[in-house]
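Shown below: protein14.cif, with mmCIF, C-alpha atoms.
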data_run
#
loop_
_atom_site.label_atom_id
_atom_site.label_comp_id
_atom_site.auth_asym_id
_atom_site.auth_seq_id
_atom_site.Cartn_x
_atom_site.Cartn_y
_atom_site.Cartn_z
CA MET A 1 23.67 10.87 -14.69
CA SER A 2 21.12 8.09 -14.90
CA ASN A 3 19.61 6.60 -11.76
CA PRO A 4 20.76 3.13 -10.69
CA PRO A 5 18.36 0.29 -11.54
CA LEU A 6 15.67 -0.25 -8.94
CA SER A 7 17.10 -3.67 -8.09
CA GLU A 8 20.34 -1.92 -7.10
CA ALA A 9 18.58 0.72 -5.03
CA GLY A 10 17.46 -1.38 -2.11
CA ALA A 11 14.25 -2.77 -3.59
CA ALA A 12 13.09 -6.27 -2.84
CA THR A 13 13.58 -8.73 -5.68
CA VAL A 14 10.75 -11.25 -5.80
CA GLU A 15 10.01 -13.89 -8.38
CA ASP A 16 6.68 -14.13 -10.16
CA GLN A 17 5.02 -17.52 -10.51
CA ASP A 18 6.59 -17.76 -13.97
CA GLY A 19 10.05 -17.29 -12.44
CA LYS A 20 10.54 -13.78 -13.79
CA ALA A 21 12.34 -11.56 -11.29
CA ARG A 22 10.57 -8.44 -10.08
CA ALA A 23 12.02 -5.55 -8.12
CA ASP A 24 9.26 -2.99 -7.86
CA TYR A 25 8.55 -3.03 -4.12
CA VAL A 26 11.06 -0.44 -3.01
CA LEU A 27 10.29 -0.85 0.70
CA GLY A 28 11.64 -4.40 0.78
CA HIS A 29 10.49 -7.35 2.90
CA SER A 30 12.77 -7.14 5.93
CA ASP A 31 11.44 -8.02 9.38
CA GLN A 32 11.38 -4.31 10.16
CA GLU A 33 9.34 -3.59 7.03
CA LEU A 34 6.85 -6.35 7.83
CA GLU A 35 6.45 -4.83 11.29
CA ARG A 36 5.98 -1.38 9.71
CA LEU A 37 3.23 -2.79 7.50
CA GLY A 38 1.42 -4.03 10.59
CA SER A 39 1.62 -0.59 12.20
CA GLN A 40 0.43 1.01 8.96
CA GLY A 41 -2.53 -1.35 8.89
CA ALA A 42 -3.60 -0.32 12.37
CA LEU A 43 -3.38 3.37 11.45
CA PHE A 44 -5.55 3.07 8.36
CA SER A 45 -7.91 0.19 9.22
CA ASP A 46 -10.98 2.34 9.89
CA LEU A 47 -10.52 4.39 6.71
CA THR A 48 -9.92 1.22 4.70
CA ARG A 49 -13.09 -0.41 6.01
CA ASP A 50 -15.08 2.71 5.14
CA LEU A 51 -13.77 2.71 1.56
CA LEU A 52 -14.37 -1.03 1.07
CA VAL A 53 -17.97 -0.73 2.26
CA ARG A 54 -18.50 2.25 -0.04
CA ALA A 55 -17.13 0.13 -2.89
CA GLY A 56 -19.89 -2.42 -2.30
CA LEU A 57 -18.26 -5.20 -0.30
CA LYS A 58 -20.87 -7.05 1.75
CA LYS A 59 -21.75 -10.29 3.46
CA GLY A 60 -21.59 -13.42 1.30
CA MET A 61 -19.21 -12.08 -1.36
CA ARG A 62 -16.24 -13.99 -2.78
CA VAL A 63 -13.33 -11.53 -2.65
CA LEU A 64 -9.74 -11.60 -3.92
CA ASP A 65 -7.22 -9.36 -2.12
CA VAL A 66 -4.17 -8.77 -4.34
CA GLY A 67 -0.89 -7.83 -2.69
CA CYS A 68 -2.33 -8.79 0.68
CA GLY A 69 0.99 -8.40 2.50
CA VAL A 70 0.71 -9.17 6.22
CA GLY A 71 -3.07 -9.41 5.96
CA ASP A 72 -4.42 -6.05 7.10
CA VAL A 73 -6.92 -5.62 4.28
CA SER A 74 -7.65 -9.35 4.16
CA LEU A 75 -8.73 -9.29 7.82
CA ILE A 76 -11.07 -6.37 7.19
CA ALA A 77 -12.54 -7.89 4.03
CA ALA A 78 -12.95 -11.32 5.63
CA GLU A 79 -14.91 -9.75 8.46
CA ILE A 80 -17.14 -7.88 6.00
CA VAL A 81 -17.97 -10.91 3.83
CA SER A 82 -18.31 -13.16 6.92
CA GLN A 83 -18.60 -16.94 6.97
CA SER A 84 -21.15 -16.97 4.16
CA GLY A 85 -18.53 -15.51 1.82
CA SER A 86 -14.88 -16.19 1.12
CA LEU A 87 -11.62 -14.29 0.98
CA LYS A 88 -8.50 -15.22 -0.95
CA GLY A 89 -5.32 -13.21 -0.51
CA ILE A 90 -2.27 -13.32 -2.77
CA ASP A 91 1.20 -11.84 -2.37
CA PRO A 92 4.66 -12.64 -3.81
CA ALA A 93 6.40 -12.46 -0.41
CA ALA A 94 6.40 -15.73 1.54
CA GLU A 95 7.38 -13.94 4.77
CA ALA A 96 4.37 -11.63 4.56
CA LEU A 97 2.01 -14.51 3.73
CA ALA A 98 3.20 -16.45 6.78
CA ILE A 99 2.33 -13.52 9.05
CA ALA A 100 -1.02 -13.01 7.32
CA ARG A 101 -1.86 -16.70 7.77
CA MET A 102 -1.12 -16.57 11.51
CA ARG A 103 -3.25 -13.46 11.91
CA LEU A 104 -6.21 -14.91 10.02
CA ASP A 105 -5.98 -18.15 12.00
CA ALA A 106 -5.81 -16.23 15.27
CA GLU A 107 -9.01 -14.40 14.32
CA GLY A 108 -10.72 -17.66 13.33
CA LYS A 109 -11.23 -16.57 9.71
CA SER A 110 -11.49 -20.11 8.34
CA TRP A 111 -13.17 -18.82 5.17
CA ALA A 112 -9.98 -16.96 4.21
CA SER A 113 -7.14 -18.57 2.24
CA LEU A 114 -3.76 -17.33 1.03
CA SER A 115 -1.36 -18.25 -1.76
CA PRO A 116 1.66 -16.82 -3.63
CA GLY A 117 0.79 -14.57 -6.56
CA THR A 118 0.69 -11.08 -8.03
CA LEU A 119 -1.80 -8.88 -9.82
CA GLU A 120 0.11 -9.42 -13.05
CA SER A 121 0.08 -13.22 -12.73
CA LEU A 122 -3.69 -13.61 -12.30
CA GLU A 123 -5.48 -15.85 -14.78
CA ASP A 124 -9.22 -16.61 -14.61
CA CYS A 125 -10.88 -14.61 -11.82
CA SER A 126 -14.48 -15.19 -12.88
CA ARG A 127 -15.42 -16.87 -9.60
CA PHE A 128 -14.80 -13.68 -7.62
CA ASP A 129 -17.45 -11.05 -6.92
CA ALA A 130 -14.81 -8.44 -6.14
CA VAL A 131 -11.07 -7.86 -6.46
CA ILE A 132 -9.51 -5.42 -4.03
CA GLY A 133 -6.05 -4.05 -3.24
CA ARG A 134 -4.44 -1.35 -1.11
CA PHE A 135 -1.15 0.47 -1.81
CA ILE A 136 -0.45 -1.86 -4.75
CA LEU A 137 -0.74 0.15 -7.96
CA ILE A 138 1.95 2.65 -6.92
CA HIS A 139 4.49 -0.17 -7.19
CA LEU A 140 3.56 -1.09 -10.78
CA ALA A 141 5.24 0.36 -13.86
CA ASN A 142 1.94 0.34 -15.79
CA PRO A 143 -1.06 0.17 -13.43
CA ALA A 144 -3.60 0.89 -16.19
CA GLU A 145 -2.40 -2.11 -18.16
CA ALA A 146 -2.61 -4.30 -15.06
CA LEU A 147 -6.19 -3.14 -14.40
CA SER A 148 -7.13 -3.75 -18.02
CA ARG A 149 -5.89 -7.34 -17.82
CA LEU A 150 -7.73 -7.80 -14.54
CA ARG A 151 -10.95 -6.45 -16.03
CA ASN A 152 -10.75 -8.99 -18.85
CA ARG A 153 -10.44 -11.85 -16.35
CA LEU A 154 -13.53 -10.93 -14.33
CA ARG A 155 -17.19 -11.54 -15.01
CA THR A 156 -19.61 -8.74 -15.84
CA GLY A 157 -20.82 -7.03 -12.68
CA ALA A 158 -17.78 -7.87 -10.57
CA ILE A 159 -16.31 -5.05 -8.48
CA ILE A 160 -12.76 -3.77 -8.88
CA SER A 161 -11.66 -1.63 -5.93
CA PHE A 162 -8.23 -0.16 -5.17
CA ILE A 163 -7.06 2.17 -2.41
CA GLU A 164 -3.94 4.30 -2.83
CA PHE A 165 -2.07 7.13 -1.12
CA ASP A 166 -1.50 10.67 -2.30
CA LEU A 167 1.96 10.93 -0.78
CA SER A 168 2.42 14.63 -1.50
CA THR A 169 -0.53 15.49 0.77
CA ALA A 170 1.29 14.32 3.91
CA ALA A 171 2.26 17.34 5.98
CA VAL A 172 2.79 18.83 9.40
CA TYR A 173 1.40 22.23 10.30
CA PRO A 174 2.93 24.58 11.18
CA PRO A 175 5.73 23.30 8.92
CA LEU A 176 8.78 21.65 10.50
CA THR A 177 12.06 21.41 8.61
CA LEU A 178 13.15 17.86 9.49
CA PHE A 179 9.66 16.42 9.24
CA GLN A 180 9.20 17.90 5.76
CA GLN A 181 12.68 16.71 4.75
CA CYS A 182 11.76 13.13 5.64
CA LEU A 183 8.60 13.37 3.55
CA GLY A 184 10.67 14.76 0.69
CA TRP A 185 13.10 11.84 0.77
CA ILE A 186 10.23 9.34 0.56
CA CYS A 187 8.50 11.10 -2.33
CA GLU A 188 11.76 11.53 -4.23
CA VAL A 189 12.45 7.78 -4.19
CA TYR A 190 9.20 7.15 -6.05
CA ARG A 191 9.89 10.00 -8.48
CA ARG A 192 13.37 8.66 -9.27
CA ILE A 193 12.09 5.17 -10.05
CA GLY A 194 9.31 6.50 -12.26
CA ARG A 195 6.33 5.85 -10.00
CA GLN A 196 3.30 8.06 -9.42
CA ILE A 197 3.67 9.58 -5.94
CA ASP A 198 0.01 10.66 -5.94
CA MET A 199 -1.47 7.37 -7.10
CA GLY A 200 -4.71 8.27 -5.34
CA VAL A 201 -5.61 11.14 -7.65
CA ALA A 202 -4.30 9.09 -10.57
CA LEU A 203 -6.85 6.34 -9.90
CA PHE A 204 -9.50 8.06 -12.01
CA SER A 205 -7.39 8.21 -15.16
CA THR A 206 -5.99 4.73 -14.47
CA PHE A 207 -9.46 3.19 -14.22
CA ARG A 208 -10.64 5.09 -17.31
CA ALA A 209 -7.62 3.89 -19.30
CA ALA A 210 -8.62 0.35 -18.34
CA GLY A 211 -12.14 0.86 -19.68
CA LEU A 212 -13.74 1.33 -16.27
CA THR A 213 -15.88 4.18 -14.91
CA PRO A 214 -14.94 4.63 -11.25
CA GLN A 215 -16.59 6.19 -8.27
CA MET A 216 -14.10 7.69 -5.83
CA ALA A 217 -13.77 8.92 -2.27
CA GLY A 218 -10.88 10.38 -0.28
CA LEU A 219 -10.23 10.26 3.46
CA THR A 220 -7.47 11.76 5.60
CA ARG A 221 -6.23 10.80 9.06
CA ILE A 222 -5.31 13.88 11.12
CA THR A 223 -3.65 13.76 14.55
CA THR A 224 -1.33 15.72 16.76
CA ALA A 225 2.37 15.24 16.09
CA ASN A 226 2.49 12.38 18.58
CA GLU A 227 4.95 9.50 18.88
CA VAL A 228 2.76 7.23 16.74
CA ALA A 229 2.94 9.69 13.85
CA LEU A 230 6.69 10.14 14.25
CA ASP A 231 7.31 6.39 14.47
CA PHE A 232 5.34 5.86 11.26
CA LEU A 233 7.50 8.45 9.49
CA VAL A 234 10.80 7.14 10.89
CA ASP A 235 9.94 3.51 10.09
CA SER A 236 9.05 4.50 6.51
CA VAL A 237 12.38 6.30 6.09
CA ARG A 238 14.23 3.32 7.60
CA SER A 239 12.63 0.88 5.15
CA MET A 240 13.49 3.15 2.23
CA LEU A 241 16.99 4.08 3.43
CA PRO A 242 18.87 1.77 1.00
CA ALA A 243 17.02 3.36 -1.92
CA ILE A 244 17.42 6.89 -0.53
CA VAL A 245 21.18 6.42 -0.35
CA LYS A 246 21.78 4.47 -3.57
CA LEU A 247 19.61 6.78 -5.65
CA GLY A 248 21.71 9.71 -4.42
CA ILE A 249 18.83 11.45 -2.65
CA ALA A 250 20.60 11.78 0.70
CA ALA A 251 23.70 10.36 2.34
CA GLU A 252 23.29 7.90 5.20
CA GLU A 253 24.97 10.40 7.54
CA THR A 254 22.51 13.10 6.49
CA VAL A 255 19.53 10.89 7.27
CA GLY A 256 21.04 9.75 10.58
CA ILE A 257 18.48 7.00 11.00
CA ASP A 258 19.66 6.01 14.49
CA THR A 259 18.97 9.50 15.86
CA LEU A 260 16.15 10.53 13.52
CA ARG A 261 13.34 9.73 15.94
CA GLN A 262 14.91 11.71 18.77
CA ARG A 263 15.60 14.69 16.52
CA LEU A 264 11.99 14.68 15.35
CA LEU A 265 10.76 14.50 18.95
CA GLU A 266 12.89 17.53 19.78
CA GLU A 267 11.49 19.37 16.76
CA VAL A 268 7.88 18.79 17.90
CA ALA A 269 8.54 19.50 21.57
CA SER A 270 5.20 21.31 22.00
CA ASP A 271 1.59 20.25 21.32
CA GLU A 272 1.10 22.94 18.70
CA TYR A 273 1.67 20.74 15.64
CA CYS A 274 -0.87 18.84 13.58
CA VAL A 275 0.01 15.91 11.32
CA PHE A 276 -1.89 15.22 8.12
CA TYR A 277 -1.23 11.65 7.06
CA PRO A 278 -1.19 11.04 3.29
CA ARG A 279 -4.70 11.10 1.89
CA LEU A 280 -6.26 7.71 1.14
CA VAL A 281 -8.25 7.58 -2.08
CA GLY A 282 -10.50 4.70 -2.95
CA ALA A 283 -11.75 4.02 -6.47
CA TRP A 284 -14.17 1.31 -7.46
CA ALA A 285 -16.07 0.25 -10.55
CA THR A 286 -18.11 -2.67 -11.81
CA VAL A 287 -16.96 -4.62 -14.84
CA PRO A 288 -19.22 -3.72 -17.80
#

When written as structure tokens, how does the structure in this file appear?
Amino acid sequence: MSNPPLSEAGAATVEDQDGKARADYVLGHSDQELERLGSQGALFSDLTRDLLVRAGLKKGMRVLDVGCGVGDVSLIAAEIVSQSGSLKGIDPAAEALAIARMRLDAEGKSWASLSPGTLESLEDCSRFDAVIGRFILIHLANPAEALSRLRNRLRTGAIISFIEFDLSTAAVYPPLTLFQQCLGWICEVYRRIGRQIDMGVALFSTFRAAGLTPQMAGLTRITTANEVALDFLVDSVRSMLPAIVKLGIAAEETVGIDTLRQRLLEEVASDEYCVFYPRLVGAWATVP
């Protein structure tokens, strides 16, 4: 039996600037998902900053953040480049851009601007010193092709830097049945829709296919199995629940989203468990 189209599996349908419908962001753009993105940003902000600095971002640069979402990476990059530089963020979701704008304004980042757009819709990017993105390529059907087009729109010497997850590296130790089951549901959604669940390790081959020679680094957040870790897992499952159900991965009753958090708390009743968040991998290269 073939899988239902992604647009029927709970994915958000967004229009490109040319009016062409897209449905490759399986997590959607609900209020709950936008809130989850904010929580995710807080969890991975320090690792993201580290990877961006390693990639070569510095004061005075003109940076484009593609798929900026609610502005987590944009805020970090804007702080790095400071007032002597500039930051432009693009995203297809108006709701996410509105939140990002409020956050940038609240932080006084007047040198940062936002507008609708996608990686695929970019035209001339020659004015930018660097193009960055986090958790973007996993949602593209052909990330190497997208990077190749981006490379051709940048000037020689510009930096291309992307950060992605290796979803299969997320784990709890010692293993816990329900926790691992939740991770399995998430990974299976991406498998069913033909996406690379370990986009982090795939960055090397993706950059090479685009004619770029990347440097890479990987970082992992490790904590106890606390409520923050469990909330991150439950919120991710909740955002993906329509796809989990419609792709036939698990029934809504099996997931039991309303009681999932409590059941996980009961499973990790002691302090003997350690959570490994999915590994973050950063890859960066200069345009030859």

message = When you count all atoms listed in the file, which of these residues is closest to Trp185 in chain A: A:Gly60, A:Gly85, A:Gly248, A:Gly69?
response =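 Going through A:Gly60, A:Gly85, A:Gly248, A:Gly69 one by one, the smallest distance to Trp185 in chain A is for A:Gly248.
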
On this structure, which residues satisfy the PyMOL selection byres ((chain A and resi 218) around 9), written as a PyMOL selection string? chain A and resi 51+200+216-217+219-220+279-283

Export C-alpha atoms of the chosen residues as an mmCIF file, in the frame of the given file?
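Output contents, as saved in part_3.cif:
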data_model
loop_
_atom_site.group_PDB
_atom_site.id
_atom_site.type_symbol
_atom_site.label_atom_id
_atom_site.label_comp_id
_atom_site.auth_asym_id
_atom_site.auth_seq_id
_atom_site.Cartn_x
_atom_site.Cartn_y
_atom_site.Cartn_z
ATOM 1 C CA LEU A 51 -13.770 2.710 1.560
ATOM 2 C CA GLY A 200 -4.710 8.270 -5.340
ATOM 3 C CA MET A 216 -14.100 7.690 -5.830
ATOM 4 C CA ALA A 217 -13.770 8.920 -2.270
ATOM 5 C CA LEU A 219 -10.230 10.260 3.460
ATOM 6 C CA THR A 220 -7.470 11.760 5.600
ATOM 7 C CA ARG A 279 -4.700 11.100 1.890
ATOM 8 C CA LEU A 280 -6.260 7.710 1.140
ATOM 9 C CA VAL A 281 -8.250 7.580 -2.080
ATOM 10 C CA GLY A 282 -10.500 4.700 -2.950
ATOM 11 C CA ALA A 283 -11.750 4.020 -6.470
#

Can you tell me, as a compact mmCIF listing (two decimals) with C-alpha atoms, in the frame of the given file, what residues are no more than 12 Å from range 119-123 of chain A when counting all atoms listed in the file, ignoring any on the same chain fewer than 4 positions away?
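This is the output file around06.txt:
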# COMPACT_ATOMS: atom_id res chain seq x y z
CA GLU A 15 10.01 -13.89 -8.38
CA ASP A 16 6.68 -14.13 -10.16
CA GLN A 17 5.02 -17.52 -10.51
CA ASP A 18 6.59 -17.76 -13.97
CA GLY A 19 10.05 -17.29 -12.44
CA LYS A 20 10.54 -13.78 -13.79
CA ARG A 22 10.57 -8.44 -10.08
CA LEU A 64 -9.74 -11.60 -3.92
CA ASP A 65 -7.22 -9.36 -2.12
CA VAL A 66 -4.17 -8.77 -4.34
CA GLY A 67 -0.89 -7.83 -2.69
CA CYS A 68 -2.33 -8.79 0.68
CA GLY A 89 -5.32 -13.21 -0.51
CA ILE A 90 -2.27 -13.32 -2.77
CA ASP A 91 1.20 -11.84 -2.37
CA PRO A 92 4.66 -12.64 -3.81
CA SER A 115 -1.36 -18.25 -1.76
CA ARG A 127 -15.42 -16.87 -9.60
CA PHE A 128 -14.80 -13.68 -7.62
CA VAL A 131 -11.07 -7.86 -6.46
CA ILE A 132 -9.51 -5.42 -4.03
CA GLY A 133 -6.05 -4.05 -3.24
CA ARG A 134 -4.44 -1.35 -1.11
CA ILE A 136 -0.45 -1.86 -4.75
CA LEU A 137 -0.74 0.15 -7.96
CA HIS A 139 4.49 -0.17 -7.19
CA LEU A 140 3.56 -1.09 -10.78
CA ALA A 141 5.24 0.36 -13.86
CA ASN A 142 1.94 0.34 -15.79
CA PRO A 143 -1.06 0.17 -13.43
CA ALA A 144 -3.60 0.89 -16.19
CA GLU A 145 -2.40 -2.11 -18.16
CA ALA A 146 -2.61 -4.30 -15.06
CA LEU A 147 -6.19 -3.14 -14.40
CA SER A 148 -7.13 -3.75 -18.02
CA ARG A 149 -5.89 -7.34 -17.82
CA LEU A 150 -7.73 -7.80 -14.54
CA ARG A 151 -10.95 -6.45 -16.03
CA ASN A 152 -10.75 -8.99 -18.85
CA ARG A 153 -10.44 -11.85 -16.35
CA LEU A 154 -13.53 -10.93 -14.33
CA PHE A 162 -8.23 -0.16 -5.17

Name the residues that the PyMOL selection byres ((chain A and resi 167) around 10) pulls out of this structure, and write them as a count of residues only. 21

- Find, counting all atoms listed in the file, the residue in A:Leu47, A:Val245, A:Ala98, A:Leu52 that gets nearest to Gly71 in chain A.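 Checking each candidate against Gly71 in chain A, we get A:Ala98 as the closest.
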
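Comparing the minimum interatomic distances between Glu95 in chain A and each of A:Ala42, A:Val70, A:Ile138, A:Ala77, counting all atoms listed in the file, we find that A:Val70 sits nearest.
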
Expanded to explicit residues, what is the PyMOL selection byres ((chain A and resi 212) around 10) for this file, as a compact mmCIF listing (two decimals) with C-alpha atoms, in the coordinates of the input?
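Written file, selection_0.txt:
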# COMPACT_ATOMS: atom_id res chain seq x y z
CA LEU A 147 -6.19 -3.14 -14.40
CA SER A 148 -7.13 -3.75 -18.02
CA ARG A 151 -10.95 -6.45 -16.03
CA ILE A 160 -12.76 -3.77 -8.88
CA PHE A 204 -9.50 8.06 -12.01
CA SER A 205 -7.39 8.21 -15.16
CA THR A 206 -5.99 4.73 -14.47
CA PHE A 207 -9.46 3.19 -14.22
CA ARG A 208 -10.64 5.09 -17.31
CA ALA A 209 -7.62 3.89 -19.30
CA ALA A 210 -8.62 0.35 -18.34
CA GLY A 211 -12.14 0.86 -19.68
CA THR A 213 -15.88 4.18 -14.91
CA PRO A 214 -14.94 4.63 -11.25
CA GLN A 215 -16.59 6.19 -8.27
CA TRP A 284 -14.17 1.31 -7.46
CA ALA A 285 -16.07 0.25 -10.55
CA THR A 286 -18.11 -2.67 -11.81
CA VAL A 287 -16.96 -4.62 -14.84
CA PRO A 288 -19.22 -3.72 -17.80

Taking 2 positions as the minimum chain separation for residues in the same chain, which residues sit within 10 Å of Leu176 in chain A when counting all atoms listed in the file? Answer as JSON, numbers by chain.
{"A": [171, 172, 173, 174, 178, 179, 180, 181, 264, 267, 268, 273]}

Pairwise distance, CA of Glu107 in chain A with CA of Lys88 in chain A, equals 15.3 Å

Pick from A:Ala78, A:Ala202, A:Ile249, A:Ala106, whichever lies nearest to Leu57 in chain A using all atoms listed in the file:
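Result for the nearest residue to Leu57 in chain A: A:Ala78.
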
Would you compute, for all listed atoms of range 185-200 of chain A, the axis-aligned bounding box grown by 4 Å on each side, and then report its centre and edge lengths in Å rounded to one decimal, as lines of an AutoDock Vina configuration file?
center_x = 4.3
center_y = 8.5
center_z = -5.7
size_x = 26.1
size_y = 14.7
size_z = 21.0

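CA of Leu260 in chain A is found 18.3 Å from CA of Val189 in chain A.
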
Shortest contact to Arg192 in chain A, candidates A:Ile244, A:Ala229, A:Val237, A:Asp271, atoms counted only C-alpha atoms, goes to A:Ile244

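Between CA of Asp129 in chain A and CA of Leu75 in chain A the interatomic distance comes to 17.2 Å.
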
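Comparing A:Thr224, A:Ser126, A:Gln83, A:Ser239 by their smallest distance to Gly108 in chain A, the closest is A:Gln83 (using all atoms listed in the file).
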